[in-house]
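Notes for the one structure printed next.
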Amino acid sequence: MEMKPLEIYKHLPKKNCKECGFPTCLAFAMQLAKQNVELSRCPYISQGAEEILGTASRPPIRGITVGSGEKSVEIGNEKVLFRHEEKFYNQSLLAVEIVDTMGEKEIEEKLKRITSIRFERVGEMLELDAICVKERSGDLEKFKRVLTLCKASDFPLIIISHNVKFLKTAGESLSSENPVVGFAEKETLEKICKIAKKYGASIIVRDETLEGVAKLAERAKSQGIEEIILSCGEKSPSERLKDLTAMRRAAIKKGMDALGYPVMTVLTDNDPLQNTLNASIYLAKYSSLIVFPDIPPEDALALLTLRQNIYTDPQKPLQMEPDLYKIGSPDKTSPVLLTTNFSLTYFTVAGDAESSGIPCYLLVCDTEGLSVLTAFAADKLTPKKISKFIEKTEIGKKVDHREIIIPGLVSKMSGALEEKSGWKVVVGPKDSKDLKGFLERYRRG
Ligand code: SF4
């Protein structure tokens, strides 16, 4: 349940010792209220206070890590209903199912296809995240072989079976992989909790109703399981949307602990396009894990782009790493261009420079993600800053000239920049679409 900073402060030790990293207990209380820090950062919390404040410092939707190693992903850990209130933290995980009745060759081909779905967009690699293995064969040996094939793909694995024996086998063979196992239902919950505890798995609890799901989550918690994913079974898109919204609202606004877990959605339509449309609803509102029977690459492109947009921080512009970038294979005589680290600016300038066919260096200066003119107006792109950046990147060692081409929009700074940096400043075009002609004339001297 949300607590105000002063309510939290009442339960803190009031030593103002700074050991939590904040100057006062009140400052720490303010961060706790925003759920920006863990209560455990204060070593002097009494047991009584811990019981009261424990929930205040925990995000209303718990975070769960799925998978191990490089491809592991966190879901949940969300604090707000609407993205503009803060931001959404962990993007919905997109998984594709492998059914254990499929032939080995078919599975290998599908895994290859899933792995090959990758798109680069504004400097970020967009790809699918996980495999969901569905047991339908009733054949334990076959199931084990499918697990081995999927394990080799390195994707985080979600294992679905209604048979506890199969889930135990999955737990055993994936104990180092941090898998997810389900469905834990009314009759099987305690048995599946034991498996999850023994093999370090997360569990999916499933019931058709919200009340049923909440009860199962409470039962799992009483068994010592915290890594829980909720599922409300098969529903129409409108019913599911109602459930997803009600669950998020109950956890965030009403402090209903039992619904404060990531939620899973399994798509079951026979039409891939309908599944893609439905997934776009659940991406927007609030499914943490979406399982597709399969997904064509063009549909994946649309959903991954949508997901990227939903999960960017609305208060922060998309940014590139400030650095010296090469366009083509520049040499010591190549032109040196300056731009800012707003992603859109970078990709536009880099694209236009590349299509000029003239290799060059691109100095991408840190302007906290602001575009050229905004950064200049906000004093984020100054002669002093650019001069320091020229030194930091050691561009002077890579070229045998001392000329820097600045965007035409900031021609005003050329005198000050020449003075500060010692480099000759050449004013480039105002619009990077004119770079081709500009660079050709520049090369001819
Ligand atoms: Fe206060 Fe605890 Fe932080 Fe010390 S460590 S300032 S007692 S909250």
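Please note that chains go A, B, ... in the order of the structure tokens, that every chain numbers its residues from 1, and that ligands are numbered from 1 in the order shown.
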
Near Arg113 of chain A, counting only C-alpha atoms, which residues have an atom at most 10 Å away, once you skip same-chain residues fewer than 3 positions from it, shown as a list of chain:residue names?
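Residues meeting the cut-off are A:Ile107, A:Glu108, A:Glu109, A:Lys110, A:Ser116, A:Ile117, A:Asp294, A:Ile295, A:Pro296, A:Pro297.
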
Go ahead and write the residues just picked, N, CA, C and O atoms, as an mmCIF file, in the first residue's frame.
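Final output, saved to again.cif:
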```
data_model
loop_
_atom_site.group_PDB
_atom_site.id
_atom_site.type_symbol
_atom_site.label_atom_id
_atom_site.label_comp_id
_atom_site.auth_asym_id
_atom_site.auth_seq_id
_atom_site.Cartn_x
_atom_site.Cartn_y
_atom_site.Cartn_z
ATOM 1 N N ILE A 107 10.976 -28.532 -34.960
ATOM 2 C CA ILE A 107 11.329 -27.688 -33.800
ATOM 3 C C ILE A 107 12.593 -26.893 -34.103
ATOM 4 O O ILE A 107 12.670 -25.680 -33.865
ATOM 5 N N GLU A 108 13.594 -27.598 -34.675
ATOM 6 C CA GLU A 108 14.864 -26.903 -34.979
ATOM 7 C C GLU A 108 14.627 -25.739 -35.938
ATOM 8 O O GLU A 108 15.175 -24.652 -35.771
ATOM 9 N N GLU A 109 13.788 -25.998 -36.951
ATOM 10 C CA GLU A 109 13.520 -24.928 -37.931
ATOM 11 C C GLU A 109 12.793 -23.751 -37.275
ATOM 12 O O GLU A 109 13.084 -22.586 -37.534
ATOM 13 N N LYS A 110 11.835 -24.081 -36.401
ATOM 14 C CA LYS A 110 11.082 -23.000 -35.749
ATOM 15 C C LYS A 110 11.998 -22.182 -34.824
ATOM 16 O O LYS A 110 11.940 -20.950 -34.805
ATOM 17 N N SER A 116 16.091 -15.777 -35.702
ATOM 18 C CA SER A 116 16.478 -14.856 -36.789
ATOM 19 C C SER A 116 15.607 -13.583 -36.820
ATOM 20 O O SER A 116 15.884 -12.666 -37.577
ATOM 21 N N ILE A 117 14.572 -13.540 -36.010
ATOM 22 C CA ILE A 117 13.731 -12.325 -35.997
ATOM 23 C C ILE A 117 14.437 -11.258 -35.151
ATOM 24 O O ILE A 117 14.386 -11.268 -33.914
ATOM 25 N N ASP A 294 2.771 -18.769 -32.945
ATOM 26 C CA ASP A 294 3.871 -18.472 -33.872
ATOM 27 C C ASP A 294 3.714 -17.002 -34.252
ATOM 28 O O ASP A 294 2.655 -16.416 -34.009
ATOM 29 N N ILE A 295 4.747 -16.421 -34.842
ATOM 30 C CA ILE A 295 4.595 -15.016 -35.235
ATOM 31 C C ILE A 295 5.392 -14.742 -36.511
ATOM 32 O O ILE A 295 6.596 -15.008 -36.559
ATOM 33 N N PRO A 296 4.722 -14.259 -37.560
ATOM 34 C CA PRO A 296 5.458 -13.928 -38.784
ATOM 35 C C PRO A 296 6.382 -12.732 -38.508
ATOM 36 O O PRO A 296 6.031 -11.845 -37.720
ATOM 37 N N PRO A 297 7.555 -12.681 -39.178
ATOM 38 C CA PRO A 297 8.513 -11.600 -38.900
ATOM 39 C C PRO A 297 7.914 -10.209 -39.067
ATOM 40 O O PRO A 297 8.199 -9.310 -38.274
#
```

I'd like the contact shell of segment 424-441 of chain A - 12 Å cut-off, only C-alpha atoms, skipping same-chain residues fewer than 4 positions apart - returned as a PyMOL selection string.
chain A and resi 334-339+344-360+372-373+383+386-387+401-420+445

Spatial neighbours of segment 262-279 of chain A, max dist 7 Å, only C-alpha atoms, sep filter under 4 positions, as a PyMOL selection string
chain A and resi 61-62+75-76+229-231+237+283+287-293+295+299

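Counting only C-alpha atoms and all ligand atoms, the residue from A:Asn341, A:Lys4, A:Glu185, A:Ser40 that sits nearest to ligand 1 is A:Ser40.
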
Do you know which residues are within 9 Å of ligand 1 using only C-alpha atoms and all ligand atoms? Can you write them as a PDB file with N, CA, C and O atoms, in the first residue's frame?
```
ATOM      1  N   TYR A   9       8.508   8.122   7.586  1.00  0.00           N
ATOM      2  CA  TYR A   9       9.530   8.729   8.466  1.00  0.00           C
ATOM      3  C   TYR A   9       9.305   8.364   9.934  1.00  0.00           C
ATOM      4  O   TYR A   9      10.249   8.095  10.662  1.00  0.00           O
ATOM      5  N   LEU A  12      11.125   5.281  10.892  1.00  0.00           N
ATOM      6  CA  LEU A  12      12.574   5.184  10.670  1.00  0.00           C
ATOM      7  C   LEU A  12      13.333   5.500  11.963  1.00  0.00           C
ATOM      8  O   LEU A  12      12.794   6.163  12.860  1.00  0.00           O
ATOM      9  N   PRO A  13      14.601   5.094  12.082  1.00  0.00           N
ATOM     10  CA  PRO A  13      15.341   5.261  13.353  1.00  0.00           C
ATOM     11  C   PRO A  13      15.692   6.710  13.712  1.00  0.00           C
ATOM     12  O   PRO A  13      16.051   6.995  14.848  1.00  0.00           O
ATOM     13  N   LYS A  14      15.612   7.622  12.772  1.00  0.00           N
ATOM     14  CA  LYS A  14      15.884   9.070  12.985  1.00  0.00           C
ATOM     15  C   LYS A  14      17.291   9.325  13.519  1.00  0.00           C
ATOM     16  O   LYS A  14      17.517  10.206  14.351  1.00  0.00           O
ATOM     17  N   LYS A  15      18.248   8.582  13.059  1.00  0.00           N
ATOM     18  CA  LYS A  15      19.648   8.797  13.471  1.00  0.00           C
ATOM     19  C   LYS A  15      20.353   9.796  12.554  1.00  0.00           C
ATOM     20  O   LYS A  15      21.408  10.314  12.894  1.00  0.00           O
ATOM     21  N   ASN A  16      19.805   9.966  11.346  1.00  0.00           N
ATOM     22  CA  ASN A  16      20.433  10.822  10.323  1.00  0.00           C
ATOM     23  C   ASN A  16      21.915  10.485  10.131  1.00  0.00           C
ATOM     24  O   ASN A  16      22.760  11.365   9.996  1.00  0.00           O
ATOM     25  N   CYS A  17      22.222   9.201  10.130  1.00  0.00           N
ATOM     26  CA  CYS A  17      23.625   8.767  10.075  1.00  0.00           C
ATOM     27  C   CYS A  17      24.184   8.710   8.651  1.00  0.00           C
ATOM     28  O   CYS A  17      25.365   8.508   8.455  1.00  0.00           O
ATOM     29  N   LYS A  18      23.337   8.823   7.633  1.00  0.00           N
ATOM     30  CA  LYS A  18      23.713   8.840   6.204  1.00  0.00           C
ATOM     31  C   LYS A  18      24.149   7.467   5.660  1.00  0.00           C
ATOM     32  O   LYS A  18      24.578   7.364   4.519  1.00  0.00           O
ATOM     33  N   GLU A  19      24.090   6.417   6.476  1.00  0.00           N
ATOM     34  CA  GLU A  19      24.584   5.119   5.999  1.00  0.00           C
ATOM     35  C   GLU A  19      23.756   4.553   4.838  1.00  0.00           C
ATOM     36  O   GLU A  19      24.213   3.712   4.094  1.00  0.00           O
ATOM     37  N   CYS A  20      22.526   5.036   4.702  1.00  0.00           N
ATOM     38  CA  CYS A  20      21.680   4.576   3.592  1.00  0.00           C
ATOM     39  C   CYS A  20      22.043   5.283   2.277  1.00  0.00           C
ATOM     40  O   CYS A  20      21.527   4.957   1.214  1.00  0.00           O
ATOM     41  N   GLY A  21      22.945   6.269   2.373  1.00  0.00           N
ATOM     42  CA  GLY A  21      23.321   7.008   1.170  1.00  0.00           C
ATOM     43  C   GLY A  21      22.535   8.312   1.023  1.00  0.00           C
ATOM     44  O   GLY A  21      22.708   9.038   0.052  1.00  0.00           O
ATOM     45  N   PHE A  22      21.645   8.600   1.982  1.00  0.00           N
ATOM     46  CA  PHE A  22      20.875   9.848   1.946  1.00  0.00           C
ATOM     47  C   PHE A  22      21.240  10.700   3.162  1.00  0.00           C
ATOM     48  O   PHE A  22      21.571  10.151   4.211  1.00  0.00           O
ATOM     49  N   PRO A  23      21.183  12.040   3.029  1.00  0.00           N
ATOM     50  CA  PRO A  23      21.692  12.893   4.110  1.00  0.00           C
ATOM     51  C   PRO A  23      20.876  12.803   5.393  1.00  0.00           C
ATOM     52  O   PRO A  23      21.410  13.017   6.474  1.00  0.00           O
ATOM     53  N   THR A  24      19.577  12.494   5.284  1.00  0.00           N
ATOM     54  CA  THR A  24      18.732  12.423   6.488  1.00  0.00           C
ATOM     55  C   THR A  24      17.749  11.251   6.346  1.00  0.00           C
ATOM     56  O   THR A  24      17.512  10.754   5.240  1.00  0.00           O
ATOM     57  N   CYS A  25      17.153  10.897   7.474  1.00  0.00           N
ATOM     58  CA  CYS A  25      16.130   9.845   7.443  1.00  0.00           C
ATOM     59  C   CYS A  25      14.931  10.312   6.602  1.00  0.00           C
ATOM     60  O   CYS A  25      14.297   9.513   5.917  1.00  0.00           O
ATOM     61  N   LEU A  26      14.632  11.615   6.657  1.00  0.00           N
ATOM     62  CA  LEU A  26      13.483  12.123   5.906  1.00  0.00           C
ATOM     63  C   LEU A  26      13.736  11.996   4.390  1.00  0.00           C
ATOM     64  O   LEU A  26      12.838  11.606   3.625  1.00  0.00           O
ATOM     65  N   ALA A  27      14.976  12.295   3.994  1.00  0.00           N
ATOM     66  CA  ALA A  27      15.311  12.164   2.558  1.00  0.00           C
ATOM     67  C   ALA A  27      15.154  10.701   2.128  1.00  0.00           C
ATOM     68  O   ALA A  27      14.651  10.404   1.025  1.00  0.00           O
ATOM     69  N   PHE A  28      15.566   9.780   2.997  1.00  0.00           N
ATOM     70  CA  PHE A  28      15.420   8.352   2.694  1.00  0.00           C
ATOM     71  C   PHE A  28      13.934   7.984   2.610  1.00  0.00           C
ATOM     72  O   PHE A  28      13.507   7.253   1.713  1.00  0.00           O
ATOM     73  N   ALA A  29      13.137   8.542   3.544  1.00  0.00           N
ATOM     74  CA  ALA A  29      11.689   8.268   3.552  1.00  0.00           C
ATOM     75  C   ALA A  29      11.050   8.723   2.234  1.00  0.00           C
ATOM     76  O   ALA A  29      10.173   8.048   1.692  1.00  0.00           O
ATOM     77  N   LEU A  39      14.236  -0.809   1.409  1.00  0.00           N
ATOM     78  CA  LEU A  39      14.282  -0.542   2.847  1.00  0.00           C
ATOM     79  C   LEU A  39      15.588  -1.068   3.460  1.00  0.00           C
ATOM     80  O   LEU A  39      16.128  -0.503   4.411  1.00  0.00           O
ATOM     81  N   ARG A  41      18.461  -0.740   2.775  1.00  0.00           N
ATOM     82  CA  ARG A  41      19.623   0.168   2.785  1.00  0.00           C
ATOM     83  C   ARG A  41      19.838   0.810   4.144  1.00  0.00           C
ATOM     84  O   ARG A  41      20.898   1.337   4.427  1.00  0.00           O
ATOM     85  N   CYS A  42      18.817   0.793   4.980  1.00  0.00           N
ATOM     86  CA  CYS A  42      19.010   1.294   6.356  1.00  0.00           C
ATOM     87  C   CYS A  42      19.284   0.087   7.256  1.00  0.00           C
ATOM     88  O   CYS A  42      18.433  -0.784   7.422  1.00  0.00           O
ATOM     89  N   PRO A  43      20.476   0.033   7.883  1.00  0.00           N
ATOM     90  CA  PRO A  43      20.787  -1.151   8.709  1.00  0.00           C
ATOM     91  C   PRO A  43      20.144  -1.126  10.094  1.00  0.00           C
ATOM     92  O   PRO A  43      20.297  -2.073  10.853  1.00  0.00           O
ATOM     93  N   TYR A  44      19.440  -0.036  10.436  1.00  0.00           N
ATOM     94  CA  TYR A  44      18.924   0.099  11.812  1.00  0.00           C
ATOM     95  C   TYR A  44      17.408  -0.058  11.921  1.00  0.00           C
ATOM     96  O   TYR A  44      16.811   0.309  12.921  1.00  0.00           O
ATOM     97  N   ILE A  45      16.780  -0.590  10.888  1.00  0.00           N
ATOM     98  CA  ILE A  45      15.316  -0.758  10.911  1.00  0.00           C
ATOM     99  C   ILE A  45      14.928  -1.850  11.919  1.00  0.00           C
ATOM    100  O   ILE A  45      15.496  -2.947  11.874  1.00  0.00           O
TER     101      ILE A  45
END
```

Proximity to Glu120 of chain A - best of A:Gln308, A:Asp366, A:Arg136, A:Tyr442, only C-alpha atoms:
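With only C-alpha atoms as the atom set, the closest residue is A:Gln308.
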